[in-house]
$ cat start.txt   # compact mmCIF, N, CA and C atoms
# COMPACT_ATOMS: atom_id res chain seq x y z
N MET T 1 111.57 103.86 -75.01
CA MET T 1 110.61 102.80 -75.22
C MET T 1 109.40 103.39 -75.92
N PRO T 2 108.90 102.76 -76.97
CA PRO T 2 107.77 103.30 -77.71
C PRO T 2 106.47 103.13 -76.95
N THR T 3 105.50 103.98 -77.28
CA THR T 3 104.15 103.78 -76.77
C THR T 3 103.44 102.81 -77.69
N ASP T 4 102.29 102.31 -77.25
CA ASP T 4 101.53 101.37 -78.08
C ASP T 4 101.26 101.94 -79.47
N GLN T 5 101.00 103.22 -79.55
CA GLN T 5 100.66 103.84 -80.82
C GLN T 5 101.82 103.86 -81.80
N GLU T 6 103.04 103.78 -81.31
CA GLU T 6 104.20 103.83 -82.18
C GLU T 6 104.62 102.47 -82.73
N LEU T 7 104.00 101.41 -82.25
CA LEU T 7 104.38 100.08 -82.70
C LEU T 7 103.49 99.61 -83.84
N PRO T 8 104.06 99.20 -84.96
CA PRO T 8 103.24 98.74 -86.08
C PRO T 8 102.54 97.43 -85.77
N SER T 9 103.18 96.54 -85.03
CA SER T 9 102.58 95.25 -84.71
C SER T 9 103.27 94.66 -83.49
N ARG T 10 102.45 94.12 -82.59
CA ARG T 10 103.01 93.46 -81.42
C ARG T 10 102.72 91.97 -81.46
N SER T 11 102.16 91.46 -82.54
CA SER T 11 101.69 90.08 -82.57
C SER T 11 102.79 89.07 -82.27
N LYS T 12 104.02 89.34 -82.63
CA LYS T 12 105.10 88.40 -82.39
C LYS T 12 105.57 88.41 -80.94
N THR T 13 105.15 89.41 -80.18
CA THR T 13 105.63 89.50 -78.81
C THR T 13 104.52 89.33 -77.79
N ASP T 14 103.28 89.19 -78.21
CA ASP T 14 102.19 89.06 -77.26
C ASP T 14 102.31 87.76 -76.47
N LEU T 15 101.86 87.82 -75.22
CA LEU T 15 101.80 86.61 -74.40
C LEU T 15 100.70 85.71 -74.94
N THR T 16 100.88 84.43 -74.80
CA THR T 16 99.90 83.47 -75.28
C THR T 16 98.80 83.30 -74.25
N LYS T 17 97.57 83.45 -74.70
CA LYS T 17 96.41 83.27 -73.84
C LYS T 17 96.43 81.85 -73.27
N GLY T 18 96.17 81.74 -71.99
CA GLY T 18 96.08 80.44 -71.35
C GLY T 18 97.34 79.96 -70.66
N ILE T 19 98.49 80.59 -70.94
CA ILE T 19 99.71 80.15 -70.25
C ILE T 19 99.69 80.63 -68.80
N VAL T 20 100.40 79.94 -67.96
CA VAL T 20 100.51 80.35 -66.56
C VAL T 20 101.36 81.62 -66.51
N ALA T 21 100.85 82.62 -65.81
CA ALA T 21 101.57 83.90 -65.70
C ALA T 21 102.89 83.69 -64.96
N PRO T 22 103.98 84.25 -65.49
CA PRO T 22 105.27 84.13 -64.80
C PRO T 22 105.22 84.82 -63.43
N ASP T 23 105.81 84.18 -62.44
CA ASP T 23 105.84 84.77 -61.10
C ASP T 23 106.74 86.01 -61.11
N PHE T 24 106.46 86.91 -60.19
CA PHE T 24 107.29 88.10 -60.02
C PHE T 24 107.26 88.51 -58.56
N THR T 25 108.23 89.30 -58.18
CA THR T 25 108.25 89.95 -56.87
C THR T 25 108.56 91.42 -57.11
N ILE T 26 107.79 92.27 -56.43
CA ILE T 26 108.00 93.72 -56.52
C ILE T 26 108.17 94.28 -55.11
N ILE T 27 108.69 95.49 -55.05
CA ILE T 27 108.78 96.23 -53.79
C ILE T 27 107.65 97.25 -53.79
N ARG T 28 106.81 97.16 -52.81
CA ARG T 28 105.60 97.98 -52.71
C ARG T 28 105.94 99.46 -52.43
N TYR T 29 105.20 100.35 -53.10
CA TYR T 29 105.23 101.78 -52.75
C TYR T 29 104.17 102.03 -51.69
N PRO T 30 104.34 102.92 -50.74
CA PRO T 30 105.57 103.64 -50.47
C PRO T 30 106.61 102.72 -49.85
N VAL T 31 107.84 102.93 -50.23
CA VAL T 31 108.94 102.10 -49.75
C VAL T 31 109.26 102.48 -48.31
N GLN T 32 109.28 101.47 -47.44
CA GLN T 32 109.64 101.68 -46.04
C GLN T 32 110.90 100.87 -45.77
N SER T 33 111.96 101.52 -45.50
CA SER T 33 113.26 100.87 -45.34
C SER T 33 113.22 99.73 -44.32
N GLY T 34 113.71 98.56 -44.75
CA GLY T 34 113.85 97.43 -43.86
C GLY T 34 112.59 96.65 -43.56
N LYS T 35 111.47 96.98 -44.16
CA LYS T 35 110.21 96.30 -43.87
C LYS T 35 110.03 95.13 -44.82
N SER T 36 109.84 93.93 -44.26
CA SER T 36 109.68 92.73 -45.10
C SER T 36 108.36 92.74 -45.86
N GLN T 37 107.33 93.42 -45.34
CA GLN T 37 106.04 93.45 -46.03
C GLN T 37 106.08 94.31 -47.30
N ASN T 38 107.22 94.92 -47.56
CA ASN T 38 107.37 95.68 -48.80
C ASN T 38 107.37 94.77 -50.02
N ARG T 39 107.77 93.50 -49.86
CA ARG T 39 107.85 92.57 -50.99
C ARG T 39 106.49 91.93 -51.23
N VAL T 40 106.09 91.95 -52.51
CA VAL T 40 104.83 91.36 -52.92
C VAL T 40 105.11 90.49 -54.14
N SER T 41 104.55 89.28 -54.15
CA SER T 41 104.75 88.36 -55.28
C SER T 41 103.41 88.00 -55.90
N LEU T 42 103.46 87.58 -57.15
CA LEU T 42 102.25 87.13 -57.83
C LEU T 42 101.58 86.02 -57.03
N THR T 43 102.37 85.13 -56.45
CA THR T 43 101.80 84.00 -55.70
C THR T 43 101.00 84.45 -54.48
N ASP T 44 101.17 85.68 -54.03
CA ASP T 44 100.37 86.20 -52.91
C ASP T 44 98.90 86.36 -53.28
N PHE T 45 98.59 86.30 -54.57
CA PHE T 45 97.23 86.57 -55.04
C PHE T 45 96.56 85.35 -55.67
N GLU T 46 97.03 84.16 -55.31
CA GLU T 46 96.43 82.94 -55.86
C GLU T 46 94.93 82.95 -55.60
N GLY T 47 94.16 82.61 -56.63
CA GLY T 47 92.70 82.56 -56.50
C GLY T 47 92.01 83.88 -56.74
N THR T 48 92.76 84.91 -57.09
CA THR T 48 92.19 86.25 -57.31
C THR T 48 92.47 86.70 -58.73
N PRO T 49 91.43 87.12 -59.48
CA PRO T 49 91.69 87.70 -60.80
C PRO T 49 92.47 89.01 -60.65
N LEU T 50 93.40 89.23 -61.57
CA LEU T 50 94.28 90.40 -61.49
C LEU T 50 94.32 91.18 -62.79
N ILE T 51 94.47 92.47 -62.65
CA ILE T 51 94.88 93.34 -63.74
C ILE T 51 96.27 93.82 -63.36
N VAL T 52 97.26 93.49 -64.17
CA VAL T 52 98.64 93.88 -63.90
C VAL T 52 99.04 94.92 -64.95
N ASN T 53 99.33 96.12 -64.47
CA ASN T 53 99.65 97.23 -65.34
C ASN T 53 101.12 97.59 -65.18
N PHE T 54 101.86 97.51 -66.29
CA PHE T 54 103.28 97.88 -66.30
C PHE T 54 103.36 99.34 -66.76
N TRP T 55 104.04 100.17 -65.98
CA TRP T 55 104.06 101.61 -66.22
C TRP T 55 105.40 102.18 -65.79
N ALA T 56 105.55 103.49 -66.02
CA ALA T 56 106.77 104.19 -65.62
C ALA T 56 106.42 105.62 -65.22
N GLY T 57 107.19 106.17 -64.31
CA GLY T 57 106.92 107.49 -63.77
C GLY T 57 107.02 108.63 -64.76
N SER T 58 107.80 108.48 -65.82
CA SER T 58 107.95 109.53 -66.82
C SER T 58 107.26 109.18 -68.13
N CYS T 59 106.18 108.43 -68.05
CA CYS T 59 105.43 107.99 -69.23
C CYS T 59 104.06 108.68 -69.24
N PRO T 60 103.86 109.69 -70.12
CA PRO T 60 102.58 110.40 -70.13
C PRO T 60 101.35 109.50 -70.33
N PRO T 61 101.37 108.51 -71.24
CA PRO T 61 100.19 107.64 -71.35
C PRO T 61 99.92 106.84 -70.07
N CYS T 62 100.99 106.50 -69.35
CA CYS T 62 100.83 105.78 -68.08
C CYS T 62 100.11 106.67 -67.07
N ARG T 63 100.55 107.91 -66.99
CA ARG T 63 99.92 108.88 -66.09
C ARG T 63 98.45 109.07 -66.45
N ALA T 64 98.16 109.14 -67.73
CA ALA T 64 96.79 109.40 -68.19
C ALA T 64 95.82 108.29 -67.80
N GLU T 65 96.29 107.04 -67.76
CA GLU T 65 95.36 105.95 -67.47
C GLU T 65 95.24 105.63 -65.98
N MET T 66 96.12 106.16 -65.15
CA MET T 66 96.07 105.85 -63.71
C MET T 66 94.75 106.21 -63.04
N PRO T 67 94.13 107.35 -63.34
CA PRO T 67 92.84 107.64 -62.71
C PRO T 67 91.76 106.61 -63.07
N ASP T 68 91.82 106.06 -64.27
CA ASP T 68 90.85 105.02 -64.65
C ASP T 68 91.07 103.74 -63.85
N PHE T 69 92.33 103.35 -63.66
CA PHE T 69 92.61 102.19 -62.82
C PHE T 69 92.18 102.45 -61.38
N GLN T 70 92.38 103.67 -60.90
CA GLN T 70 91.97 104.01 -59.54
C GLN T 70 90.45 103.89 -59.40
N ALA T 71 89.70 104.39 -60.37
CA ALA T 71 88.24 104.29 -60.33
C ALA T 71 87.80 102.82 -60.35
N LEU T 72 88.42 102.02 -61.20
CA LEU T 72 88.10 100.59 -61.25
C LEU T 72 88.42 99.93 -59.91
N HIS T 73 89.53 100.27 -59.33
CA HIS T 73 89.91 99.73 -58.01
C HIS T 73 88.84 100.05 -56.97
N GLU T 74 88.37 101.28 -56.97
CA GLU T 74 87.37 101.69 -55.99
C GLU T 74 86.04 100.99 -56.21
N ASP T 75 85.71 100.69 -57.46
CA ASP T 75 84.43 100.05 -57.79
C ASP T 75 84.44 98.54 -57.64
N SER T 76 85.60 97.90 -57.73
CA SER T 76 85.60 96.44 -57.82
C SER T 76 86.66 95.77 -56.96
N SER T 77 87.06 96.40 -55.88
CA SER T 77 88.17 95.86 -55.09
C SER T 77 87.86 94.50 -54.47
N ASN T 78 86.58 94.13 -54.34
CA ASN T 78 86.24 92.82 -53.80
C ASN T 78 86.25 91.73 -54.87
N GLN T 79 86.22 92.12 -56.14
CA GLN T 79 86.11 91.15 -57.23
C GLN T 79 87.43 90.86 -57.92
N LEU T 80 88.32 91.83 -57.94
CA LEU T 80 89.62 91.66 -58.58
C LEU T 80 90.61 92.62 -57.95
N ARG T 81 91.87 92.39 -58.23
CA ARG T 81 92.93 93.27 -57.72
C ARG T 81 93.68 93.89 -58.89
N ILE T 82 94.07 95.12 -58.70
CA ILE T 82 94.91 95.81 -59.67
C ILE T 82 96.30 95.93 -59.05
N ILE T 83 97.31 95.58 -59.85
CA ILE T 83 98.69 95.72 -59.42
C ILE T 83 99.41 96.57 -60.46
N GLY T 84 99.94 97.69 -60.04
CA GLY T 84 100.73 98.54 -60.92
C GLY T 84 102.20 98.28 -60.69
N ILE T 85 102.91 97.90 -61.74
CA ILE T 85 104.34 97.58 -61.62
C ILE T 85 105.16 98.61 -62.39
N ASP T 86 105.94 99.37 -61.65
CA ASP T 86 106.82 100.38 -62.23
C ASP T 86 108.07 99.71 -62.78
N VAL T 87 108.28 99.87 -64.08
CA VAL T 87 109.50 99.34 -64.73
C VAL T 87 110.30 100.49 -65.35
N GLY T 88 110.07 101.69 -64.87
CA GLY T 88 110.74 102.87 -65.41
C GLY T 88 112.25 102.80 -65.37
N GLN T 89 112.80 102.24 -64.31
CA GLN T 89 114.26 102.17 -64.19
C GLN T 89 114.88 101.22 -65.20
N PHE T 90 114.08 100.32 -65.78
CA PHE T 90 114.59 99.38 -66.79
C PHE T 90 114.24 99.80 -68.21
N SER T 91 113.31 100.74 -68.34
CA SER T 91 112.89 101.19 -69.67
C SER T 91 113.44 102.56 -70.02
N GLY T 92 114.14 103.19 -69.08
CA GLY T 92 114.66 104.53 -69.32
C GLY T 92 113.60 105.60 -69.16
N LEU T 93 112.48 105.26 -68.51
CA LEU T 93 111.37 106.20 -68.36
C LEU T 93 111.11 106.58 -66.91
N GLY T 94 112.18 106.72 -66.14
CA GLY T 94 111.98 107.21 -64.79
C GLY T 94 112.66 106.38 -63.72
N THR T 95 112.61 106.93 -62.52
CA THR T 95 113.20 106.30 -61.34
C THR T 95 112.09 105.93 -60.37
N PRO T 96 112.38 105.08 -59.40
CA PRO T 96 111.37 104.79 -58.38
C PRO T 96 110.91 106.05 -57.64
N GLU T 97 111.80 107.00 -57.44
CA GLU T 97 111.41 108.25 -56.78
C GLU T 97 110.39 109.03 -57.61
N GLN T 98 110.61 109.10 -58.93
CA GLN T 98 109.65 109.78 -59.80
C GLN T 98 108.32 109.04 -59.82
N ALA T 99 108.38 107.72 -59.80
CA ALA T 99 107.16 106.92 -59.80
C ALA T 99 106.36 107.15 -58.53
N GLU T 100 107.04 107.16 -57.40
CA GLU T 100 106.34 107.36 -56.13
C GLU T 100 105.72 108.76 -56.07
N GLU T 101 106.41 109.73 -56.63
CA GLU T 101 105.85 111.09 -56.70
C GLU T 101 104.58 111.11 -57.55
N LEU T 102 104.60 110.40 -58.68
CA LEU T 102 103.42 110.32 -59.54
C LEU T 102 102.25 109.66 -58.82
N ILE T 103 102.51 108.58 -58.12
CA ILE T 103 101.46 107.88 -57.37
C ILE T 103 100.80 108.83 -56.38
N ASN T 104 101.60 109.61 -55.69
CA ASN T 104 101.07 110.57 -54.73
C ASN T 104 100.28 111.68 -55.41
N GLN T 105 100.77 112.19 -56.54
CA GLN T 105 100.07 113.25 -57.27
C GLN T 105 98.71 112.79 -57.76
N VAL T 106 98.65 111.57 -58.28
CA VAL T 106 97.40 111.05 -58.85
C VAL T 106 96.45 110.55 -57.75
N GLY T 107 96.98 110.21 -56.59
CA GLY T 107 96.14 109.69 -55.51
C GLY T 107 95.84 108.21 -55.64
N VAL T 108 96.79 107.46 -56.16
CA VAL T 108 96.62 106.02 -56.37
C VAL T 108 96.62 105.30 -55.02
N THR T 109 95.61 104.43 -54.82
CA THR T 109 95.56 103.62 -53.60
C THR T 109 95.60 102.12 -53.91
N TYR T 110 95.53 101.74 -55.19
CA TYR T 110 95.69 100.33 -55.50
C TYR T 110 97.17 99.96 -55.35
N LEU T 111 97.44 98.67 -55.27
CA LEU T 111 98.79 98.18 -55.02
C LEU T 111 99.73 98.58 -56.16
N THR T 112 100.80 99.27 -55.81
CA THR T 112 101.83 99.62 -56.77
C THR T 112 103.19 99.31 -56.17
N GLY T 113 104.13 99.02 -57.04
CA GLY T 113 105.48 98.74 -56.59
C GLY T 113 106.43 98.76 -57.77
N TYR T 114 107.71 98.62 -57.48
CA TYR T 114 108.68 98.62 -58.58
C TYR T 114 109.31 97.24 -58.72
N ALA T 115 109.63 96.91 -59.97
CA ALA T 115 110.24 95.62 -60.29
C ALA T 115 111.67 95.57 -59.78
N LEU T 116 112.09 94.38 -59.37
CA LEU T 116 113.44 94.19 -58.85
C LEU T 116 114.45 93.89 -59.94
N SER T 117 113.96 93.46 -61.10
CA SER T 117 114.85 93.01 -62.17
C SER T 117 114.24 93.32 -63.53
N PRO T 118 115.07 93.58 -64.52
CA PRO T 118 114.53 93.78 -65.87
C PRO T 118 113.96 92.50 -66.47
N ASP T 119 114.21 91.36 -65.84
CA ASP T 119 113.67 90.09 -66.35
C ASP T 119 112.16 90.11 -66.45
N ILE T 120 111.49 90.87 -65.59
CA ILE T 120 110.04 90.93 -65.63
C ILE T 120 109.55 91.44 -66.99
N MET T 121 110.32 92.33 -67.61
CA MET T 121 109.94 92.85 -68.93
C MET T 121 110.05 91.76 -69.99
N LYS T 122 111.05 90.91 -69.87
CA LYS T 122 111.18 89.78 -70.81
C LYS T 122 110.09 88.75 -70.55
N ASP T 123 109.88 88.43 -69.27
CA ASP T 123 108.89 87.42 -68.92
C ASP T 123 107.49 87.79 -69.41
N TYR T 124 107.15 89.06 -69.33
CA TYR T 124 105.83 89.53 -69.75
C TYR T 124 105.84 90.19 -71.13
N LYS T 125 106.97 90.10 -71.80
CA LYS T 125 107.12 90.60 -73.17
C LYS T 125 106.67 92.05 -73.32
N ILE T 126 107.16 92.88 -72.42
CA ILE T 126 106.82 94.31 -72.43
C ILE T 126 107.65 95.00 -73.51
N VAL T 127 106.96 95.54 -74.51
CA VAL T 127 107.63 96.22 -75.61
C VAL T 127 107.20 97.68 -75.73
N SER T 128 106.23 98.09 -74.91
CA SER T 128 105.78 99.48 -74.94
C SER T 128 105.18 99.82 -73.59
N MET T 129 105.01 101.10 -73.38
CA MET T 129 104.44 101.60 -72.13
C MET T 129 103.19 102.41 -72.44
N PRO T 130 102.15 102.24 -71.67
CA PRO T 130 101.93 101.22 -70.66
C PRO T 130 101.50 99.90 -71.30
N THR T 131 101.61 98.82 -70.55
CA THR T 131 101.14 97.50 -70.98
C THR T 131 100.31 96.92 -69.84
N THR T 132 99.16 96.37 -70.18
CA THR T 132 98.27 95.79 -69.18
C THR T 132 98.02 94.33 -69.52
N ILE T 133 98.14 93.48 -68.50
CA ILE T 133 97.96 92.04 -68.63
C ILE T 133 96.83 91.63 -67.69
N PHE T 134 95.96 90.73 -68.16
CA PHE T 134 94.89 90.20 -67.33
C PHE T 134 95.23 88.77 -66.95
N ILE T 135 95.09 88.45 -65.67
CA ILE T 135 95.40 87.12 -65.15
C ILE T 135 94.16 86.62 -64.42
N ASP T 136 93.69 85.42 -64.78
CA ASP T 136 92.49 84.89 -64.14
C ASP T 136 92.81 84.31 -62.76
N ALA T 137 91.76 83.87 -62.06
CA ALA T 137 91.92 83.36 -60.70
C ALA T 137 92.78 82.10 -60.63
N LYS T 138 92.93 81.41 -61.76
CA LYS T 138 93.77 80.22 -61.81
C LYS T 138 95.24 80.55 -62.09
N GLY T 139 95.52 81.84 -62.33
CA GLY T 139 96.90 82.26 -62.57
C GLY T 139 97.32 82.23 -64.03
N SER T 140 96.34 82.14 -64.93
CA SER T 140 96.64 82.08 -66.37
C SER T 140 96.39 83.42 -67.04
N ILE T 141 97.16 83.68 -68.09
CA ILE T 141 96.98 84.89 -68.90
C ILE T 141 95.65 84.79 -69.63
N VAL T 142 94.89 85.86 -69.60
CA VAL T 142 93.59 85.89 -70.30
C VAL T 142 93.74 86.69 -71.57
$ encode --input "start.txt" --output "structure tokens"
Amino acid sequence: MPTDQELPSRSKTDLTKGIVAPDFTIIRYPVQSGKSQNRVSLTDFEGTPLIVNFWAGSCPPCRAEMPDFQALHEDSSNQLRIIGIDVGQFSGLGTPEQAEELINQVGVTYLTGYALSPDIMKDYKIVSMPTTIFIDAKGSIV
């Protein structure tokens, strides 16, 4: 999967501002076998502005930006939520185990989890790693 810098143009694949963000469900890291609270959905955050970051455990640019998301999380956790969604297993850029190892190495405490289906990449038109989407409190793409 190319990085943002390798793509000549993403205009044909960008999400349209103002559309309702597609729902998703992820499995939260750290994964605890058999725990129902491991599942998190977009609908769990109704009324909260979100930064949704799609990343992968073997993606150097993803690793590089994680400390910035962590700092933002620490500074603004009452105003917005950050959700990191690992899609490495669908992009060929890592496994959930590699992603969880990266989270631990970087010291990430914001919500992270892995996608259950490659459909999330189609729904959010992910064409490069990392990709960040902003969702307002009404659930619309900003």
$ atom_distance --input "start.txt" --atom1 "CA of Arg39 (chain T)" --atom2 "atom C of Gly107 (chain T)"
20.3 Å
$ residues_near_point --input "start.txt" --point "(94.4, 102.9, -58.1)" --cutoff "7 Å" --atoms "only C-alpha atoms" --output "ChimeraX atom specification"
/T:66-67,69-71,73,108-110
$ write_last_selection --input "start.txt" --atoms "N, CA and C atoms" --output "PDB file, in the coordinates of the input"
ATOM      1  N   MET T  66      96.120 106.160 -65.150  1.00  0.00           N
ATOM      2  CA  MET T  66      96.070 105.850 -63.710  1.00  0.00           C
ATOM      3  C   MET T  66      94.750 106.210 -63.040  1.00  0.00           C
ATOM      4  N   PRO T  67      94.130 107.350 -63.340  1.00  0.00           N
ATOM      5  CA  PRO T  67      92.840 107.640 -62.710  1.00  0.00           C
ATOM      6  C   PRO T  67      91.760 106.610 -63.070  1.00  0.00           C
ATOM      7  N   PHE T  69      92.330 103.350 -63.660  1.00  0.00           N
ATOM      8  CA  PHE T  69      92.610 102.190 -62.820  1.00  0.00           C
ATOM      9  C   PHE T  69      92.180 102.450 -61.380  1.00  0.00           C
ATOM     10  N   GLN T  70      92.380 103.670 -60.900  1.00  0.00           N
ATOM     11  CA  GLN T  70      91.970 104.010 -59.540  1.00  0.00           C
ATOM     12  C   GLN T  70      90.450 103.890 -59.400  1.00  0.00           C
ATOM     13  N   ALA T  71      89.700 104.390 -60.370  1.00  0.00           N
ATOM     14  CA  ALA T  71      88.240 104.290 -60.330  1.00  0.00           C
ATOM     15  C   ALA T  71      87.800 102.820 -60.350  1.00  0.00           C
ATOM     16  N   HIS T  73      89.530 100.270 -59.330  1.00  0.00           N
ATOM     17  CA  HIS T  73      89.910  99.730 -58.010  1.00  0.00           C
ATOM     18  C   HIS T  73      88.840 100.050 -56.970  1.00  0.00           C
ATOM     19  N   VAL T 108      96.790 107.460 -56.160  1.00  0.00           N
ATOM     20  CA  VAL T 108      96.620 106.020 -56.370  1.00  0.00           C
ATOM     21  C   VAL T 108      96.620 105.300 -55.020  1.00  0.00           C
ATOM     22  N   THR T 109      95.610 104.430 -54.820  1.00  0.00           N
ATOM     23  CA  THR T 109      95.560 103.620 -53.600  1.00  0.00           C
ATOM     24  C   THR T 109      95.600 102.120 -53.910  1.00  0.00           C
ATOM     25  N   TYR T 110      95.530 101.740 -55.190  1.00  0.00           N
ATOM     26  CA  TYR T 110      95.690 100.330 -55.500  1.00  0.00           C
ATOM     27  C   TYR T 110      97.170  99.960 -55.350  1.00  0.00           C
TER      28      TYR T 110
END
$ closest_residue --input "start.txt" --among "T:Pro130, T:Gly92, T:Pro118, T:Gly139" --to "Phe54 (chain T)" --atoms "only C-alpha atoms"
T:Pro130
$ atom_distance --input "start.txt" --atom1 "atom C of Phe45 (chain T)" --atom2 "atom N of Val142 (chain T)"
14.0 Å
$ closest_residue --input "start.txt" --among "T:Tyr29, T:Trp55, T:Tyr114, T:Phe24" --to "Leu42 (chain T)" --atoms "only N, CA and C atoms"
T:Phe24
$ closest_residue --input "start.txt" --among "T:Asp44, T:Asp123, T:Asp136, T:Glu97" --to "Gly57 (chain T)" --atoms "only C-alpha atoms"
T:Glu97
$ atom_distance --input "start.txt" --atom1 "atom N of Lys17 (chain T)" --atom2 "atom C of Lys138 (chain T)"
13.1 Å
$ residues_around --input "start.txt" --residues "region 77-90 of chain T" --least-positions-apart "2" --cutoff "8 Å" --atoms "only C-alpha atoms" --output "MDAnalysis selection string"
chainID T and resid 26 48:58 69 72:75 92:96 99 110:115 117:118 121
$ write_last_selection --input "start.txt" --atoms "N, CA and C atoms" --output "short mmCIF file (atom, residue, chain, number, x, y, z; two decimals), in the coordinates of the input"
data_model
loop_
_atom_site.label_atom_id
_atom_site.label_comp_id
_atom_site.auth_asym_id
_atom_site.auth_seq_id
_atom_site.Cartn_x
_atom_site.Cartn_y
_atom_site.Cartn_z
N ILE T 26 107.79 92.27 -56.43
CA ILE T 26 108.00 93.72 -56.52
C ILE T 26 108.17 94.28 -55.11
N THR T 48 92.76 84.91 -57.09
CA THR T 48 92.19 86.25 -57.31
C THR T 48 92.47 86.70 -58.73
N PRO T 49 91.43 87.12 -59.48
CA PRO T 49 91.69 87.70 -60.80
C PRO T 49 92.47 89.01 -60.65
N LEU T 50 93.40 89.23 -61.57
CA LEU T 50 94.28 90.40 -61.49
C LEU T 50 94.32 91.18 -62.79
N ILE T 51 94.47 92.47 -62.65
CA ILE T 51 94.88 93.34 -63.74
C ILE T 51 96.27 93.82 -63.36
N VAL T 52 97.26 93.49 -64.17
CA VAL T 52 98.64 93.88 -63.90
C VAL T 52 99.04 94.92 -64.95
N ASN T 53 99.33 96.12 -64.47
CA ASN T 53 99.65 97.23 -65.34
C ASN T 53 101.12 97.59 -65.18
N PHE T 54 101.86 97.51 -66.29
CA PHE T 54 103.28 97.88 -66.30
C PHE T 54 103.36 99.34 -66.76
N TRP T 55 104.04 100.17 -65.98
CA TRP T 55 104.06 101.61 -66.22
C TRP T 55 105.40 102.18 -65.79
N ALA T 56 105.55 103.49 -66.02
CA ALA T 56 106.77 104.19 -65.62
C ALA T 56 106.42 105.62 -65.22
N GLY T 57 107.19 106.17 -64.31
CA GLY T 57 106.92 107.49 -63.77
C GLY T 57 107.02 108.63 -64.76
N SER T 58 107.80 108.48 -65.82
CA SER T 58 107.95 109.53 -66.82
C SER T 58 107.26 109.18 -68.13
N PHE T 69 92.33 103.35 -63.66
CA PHE T 69 92.61 102.19 -62.82
C PHE T 69 92.18 102.45 -61.38
N LEU T 72 88.42 102.02 -61.20
CA LEU T 72 88.10 100.59 -61.25
C LEU T 72 88.42 99.93 -59.91
N HIS T 73 89.53 100.27 -59.33
CA HIS T 73 89.91 99.73 -58.01
C HIS T 73 88.84 100.05 -56.97
N GLU T 74 88.37 101.28 -56.97
CA GLU T 74 87.37 101.69 -55.99
C GLU T 74 86.04 100.99 -56.21
N ASP T 75 85.71 100.69 -57.46
CA ASP T 75 84.43 100.05 -57.79
C ASP T 75 84.44 98.54 -57.64
N GLY T 92 114.14 103.19 -69.08
CA GLY T 92 114.66 104.53 -69.32
C GLY T 92 113.60 105.60 -69.16
N LEU T 93 112.48 105.26 -68.51
CA LEU T 93 111.37 106.20 -68.36
C LEU T 93 111.11 106.58 -66.91
N GLY T 94 112.18 106.72 -66.14
CA GLY T 94 111.98 107.21 -64.79
C GLY T 94 112.66 106.38 -63.72
N THR T 95 112.61 106.93 -62.52
CA THR T 95 113.20 106.30 -61.34
C THR T 95 112.09 105.93 -60.37
N PRO T 96 112.38 105.08 -59.40
CA PRO T 96 111.37 104.79 -58.38
C PRO T 96 110.91 106.05 -57.64
N ALA T 99 108.38 107.72 -59.80
CA ALA T 99 107.16 106.92 -59.80
C ALA T 99 106.36 107.15 -58.53
N TYR T 110 95.53 101.74 -55.19
CA TYR T 110 95.69 100.33 -55.50
C TYR T 110 97.17 99.96 -55.35
N LEU T 111 97.44 98.67 -55.27
CA LEU T 111 98.79 98.18 -55.02
C LEU T 111 99.73 98.58 -56.16
N THR T 112 100.80 99.27 -55.81
CA THR T 112 101.83 99.62 -56.77
C THR T 112 103.19 99.31 -56.17
N GLY T 113 104.13 99.02 -57.04
CA GLY T 113 105.48 98.74 -56.59
C GLY T 113 106.43 98.76 -57.77
N TYR T 114 107.71 98.62 -57.48
CA TYR T 114 108.68 98.62 -58.58
C TYR T 114 109.31 97.24 -58.72
N ALA T 115 109.63 96.91 -59.97
CA ALA T 115 110.24 95.62 -60.29
C ALA T 115 111.67 95.57 -59.78
N SER T 117 113.96 93.46 -61.10
CA SER T 117 114.85 93.01 -62.17
C SER T 117 114.24 93.32 -63.53
N PRO T 118 115.07 93.58 -64.52
CA PRO T 118 114.53 93.78 -65.87
C PRO T 118 113.96 92.50 -66.47
N MET T 121 110.32 92.33 -67.61
CA MET T 121 109.94 92.85 -68.93
C MET T 121 110.05 91.76 -69.99
#
$ select_by_dssp --input "start.txt" --residues "chain T" --states "strand (DSSP E or B)" --output "PyMOL selection string"
chain T and resi 3+20+25-28+39-41+50-55+81-86+111-115+129+131-135+140-141
$ closest_residue --input "start.txt" --among "T:Met129, T:Ile120, T:Ile103, T:Ala64" --to "Thr25 (chain T)" --atoms "only N, CA and C atoms"
T:Ile120
$ select_by_dssp --input "start.txt" --residues "chain T" --states "alpha helix (DSSP H)" --output "ChimeraX atom specification"
/T:60-76,88-91,96-106,119-123
$ closest_residue --input "start.txt" --among "T:Ile141, T:Tyr124, T:Ile27, T:Thr16" --to "Val40 (chain T)" --atoms "only C-alpha atoms"
T:Ile27
